[in-house]
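Remarks on the structure that follows.
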Protein chains: 2
Amino acid sequence: MKEGKPATIKEIAKRLKISPSTVSRALKDHPSIGLVTTMRVKKVAAELNYEPNQTAIFFKQRKTFTIGVVLPSLSEPFFSAAISEIENVANDRNYTVIMGQSLDDPGRELRILQTLKTHRVDGVLISIGKNTQEYGFIEQLESAGIPVVFFDCVPDLDGINKVVSDLEPGMLEAIDIFVSCGHHAISLINGPEMLPASIERKRSYIKGLNKCRIPLQDEYIVSTDLTTEGNDAAILKLLALPDRPSAVISFNDYVALDVMKTARQKGLSLNQDIHFISYANYPLWKYVENPPMASIEQFPGDQGKRAAEILFELIDDPQKRKEPIQAVLKSQLIAQG
Amino acid sequence: MKEGKPATIKEIAKRLKISPSTVSRALKDHPSIGLVTTMRVKKVAAELNYEPNQTAIFFKQRKTFTIGVVLPSLSEPFFSAAISEIENVANDRNYTVIMGQSLDDPGRELRILQTLKTHRVDGVLISIGKNTQEYGFIEQLESAGIPVVFFDCVPDLDGINKVVSDLEPGMLEAIDIFVSCGHHAISLINGPEMLPASIERKRSYIKGLNKCRIPLQDEYIVSTDLTTEGNDAAILKLLALPDRPSAVISFNDYVALDVMKTARQKGLSLNQDIHFISYANYPLWKYVENPPMASIEQFPGDQGKRAAEILFELIDDPQKRKEPIQAVLKSQLIAQG
DNA sequence: CTGTTAGCGCCTTCAT
DNA sequence: ATGAAGGCGCTAACAG
């Protein structure tokens with residue numbers, strides 16, 4: 001059984017004293033090959049434990065049945081959820097998935113994309129890192145015939161394929177529910193100001209307040225650099241306000257975890273003195289003693305799945321690459337517990 | 001710039017009116033090629049935006065610079081951590097990583113392995129699913145020249161390459177610390193009895209008790225099927241005991257999360273009436289109000305890293321494939337902040 | 001130093 | 001219904 005080299009079509013042909021082309025055709029049930037011949041070929045193929053050499057096929061067909069996925073981090077739960085769904089979609093279509101993590105390093109990101117290109121993947125799915133500024137790679141890949149679909153963290157560019165989460169619906173719902181619970185001092189702990197994700201949250205927040213006819217108070221919007229220290233500084237700033245907010249919407253779960261802990265340490269009773277809602281990315285609230293009232297869910301799995309589906313459309317039908325495809329998935333408020 | 005087909009060595013050769021082999025050699029700085037020629041070749045290559053066709057190279061060299069990784073789940077934090085390190089090791093060596101998740105389905109696992117084989121990956125890293133019984137694929141892959149390294153969840157077989165965590169040190173430490181805190185009623189909430197992971201925990205637990213001269217009480221060992229219901233049933237059984245344990249070691253963090261919640265609901269004060277330590281796989285304790293006293297860490301990242309390193313040794317030096325390589329990483333008790 | 005030749009494994013016209 | 005021939009892009013053995 002222990003064959004050093006796997007069997008090839010040639011060997012099968014030799015054994016049967018027929019030509020390689022016949023074997024090739026028989027193996028794929030070509031109609032013009034006699035039934036008997038086909039059977040004999042398949043029998044020998046089985047005996048020899050023949051397996052087509054995909055690398056040869058890839059080479060010849062200029063197709064690898066592989067897609068590349070580039071993410072900031074592979075261990076982040078948000079992305080894990082996306083990966084998992086992407087793998088499912090790919091697996092269903094008999095594609096394999098090559099992964100790379102940029103770790104928010106533009107250089108590393110570029111290197112990975114380069115590798116994917118030389119590996120001749122059939123398409124690329126990417127959520128860009130925080131620090132990425134250069135998008136030349138899009139042109140590079142597209143002109144090499146490799147379609148690219150962005151998701152979640154996407155460049156602010158037109159003419160690209162992308163799947164994003166619309167942060168607004170969740171924000172509006174969050175403010176609605178706070179208001180209907182009697183809150184009027186609702187604040188926002190936002191991320192770094194220049195981040196698109198922060199800009200959208202702020203815009204939605206203001207819109208939500210307007211909708212509920214709550215006057216905007218500038219000091220209710222604070223920013224954090226997303227470090228634990230930054231998060232703590234942000235909440236402390238809010239708690240020091242003469243008109244301390246009774247409701248807080250935070251940039252994401254990590255921020256919420258930190259600020260809730262700090263608020264608790266400051267003697268506030270969670271879900272009583274102060275209430276929280278955050279954008280979700282860390283699925284652990286069900287285990288926590290005093291979870292936030294609700295989470296604004298961005299459905300990373302769905303985003304990944306949708307992005308993968310779009311990518312496969314593009315792979316299957318080059319025609320569709322002419323017009324950019326863009327999908328927006330609505331965020332949604334999910335009550336906790 | 002938008003070339004339909006990427007440039008090839010041939011074209012460069014034609015432009016320069018030299019032979020393809022010269023171009024090929026020049027491109028890789030072969031010493032026997034004149035400096036001028038080399039320069040000219042590289043210049044044209046750059047102009048034509050030449051990029052080597054890796055699929056052709058893979059085909060020719062019978063090597064893909066790709067490793068396959070098969071895991072039960074890509075979204076599980078434990079595996080995410082492993083993946084992340086594996087990707088790092090691979091990336092450092094300019095290898096790419098193909099991922100597949102078995103979802104604990106032996107059929108799906110096998111299909112993924114089959115795909116990896118036909119993709120001619122240079123090596124495979126695998127943590128098998130709970131239900132895997134058949135290991136024929138090892139022979140299959142090895143005989144196709146593809147080395148396999150198991151890690152974390154490994155089959156109970158000799159002669160395979162594997163990296164595992166030794167569950168005992170952490171367990172002994174856990175019992176030691178409990179005892180030194182004055183506990184003598186220490187119980188174990190174990191996983192399914194036939195699971196190797198459960199068997200090892202139980203063995204270590206008994207050893208730890210012996211070491212501390214604490215008599216073993218059978219009713220202090222309970223099992224759960226790892227569902228929330230099973231977990232609750234297990235803790236309730238313990239709480240109903242006339243001699244209720246004051247310390248509990250649980251199979252993993254998920255079990256701990258459930259049973260701690262239930263214990264709290266039953267009116268017990270965590271870290272006061274009852275204390276917990278669990279095998280770690282979910283990195284969230286720092287955010288929880290009453291975390292367990294400590295966690296037994298299995299260092300998934302280190303396991304993944306080590307496994308990847310071993311795999312690359314095997315890939316680089318086929319000689320080493322003759323003797324199985326096995327590594328054991330000690331588990332360790334980590335106090336919670 | 002450089003060119004020629006041959007072939008990796010498979011597929012695909014084009015003949016027969 | 002089957003064979004023969006050629007080529008995908010690159011490399012390497014063998015000549016000069």
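Chain labels A, B, ... are given in the sequence in which chains occur in the structure tokens; within each chain residues are numbered consecutively from 1, and ligands are likewise numbered from 1 in the order shown.
The list of residues with at least one atom within 6 Å of stretch 92-104 of chain A, based on only C-alpha atoms (C1' of nucleotides) and without residues fewer than 3 positions apart in the same chain, reads Phe65, Thr66, Ile67, Gly68, Val69, Val70, Leu71, Pro72, Ser73, Val89, Arg108, Glu109, Gly129 and Lys130 of chain A; Val97, Ile98 and Met99 of chain B.
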Counting only C-alpha atoms, a student should be able to say which residues of chain A come within 7 Å of chain B; what is the right answer, written as a list in words?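 Every residue of chain A that passes the 7 Å test is in Lys2, Glu3, Pro6, Asn53, Gln54, Thr55, Ala56, Phe58, Phe59, Leu74, Ser75, Pro77, Ser80, Ala81, Ile83, Ser84, Glu87, Thr96, Val97, Ile98, Met99, Gly100, Thr118, His119, Ser143, Ala144, Leu257, Tyr287 and Val288 of chain A.
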Any chance you could tabulate, as a tab-separated table, the residues of chain D at most 8 Å from chain B with each one's nearest atom pair and distance in Å to one decimal, using only C-alpha atoms (C1' of nucleotides), in chain and rising number order?
residue	atom	partner	partner_atom	distance
D:DG9	C1'	B:Ala56	CA	5.5
D:DC10	C1'	B:Ile57	CA	6.1
D:DT11	C1'	B:Lys60	CA	7.6
Within 7 Å of chain C, which residues belong to chain B? Use only C-alpha atoms (C1' of nucleotides) and report them as a list in words.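 Matching residues, ligands excluded from the count: Ser19, Thr22, Ser32, Ile33, Gly34, Phe59 and Lys60 of chain B.
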Please extract the residues of stretch 181-248 of chain B with a backbone DSSP assignment of alpha helix (DSSP H) and present them as a list of chain:residue names. B:Pro196, B:Ala197, B:Ser198, B:Ile199, B:Glu200, B:Arg201, B:Lys202, B:Arg203, B:Ser204, B:Tyr205, B:Ile206, B:Lys207, B:Gly208, B:Leu209, B:Asn210, B:Lys211, B:Thr228, B:Glu229, B:Gly230, B:Asn231, B:Asp232, B:Ala233, B:Ala234, B:Ile235, B:Leu236, B:Lys237, B:Leu238, B:Leu239
Please identify which residues in stretch 206-308 of chain B DSSP calls strand (DSSP E) from the backbone, and express them as a ChimeraX atom specification. /B:221-223,247-250,275-279,294-297
In Å to one decimal, how far is atom CA of B:Asn161 from atom CA of B:Ala307?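 It comes out at 8.8 Å.
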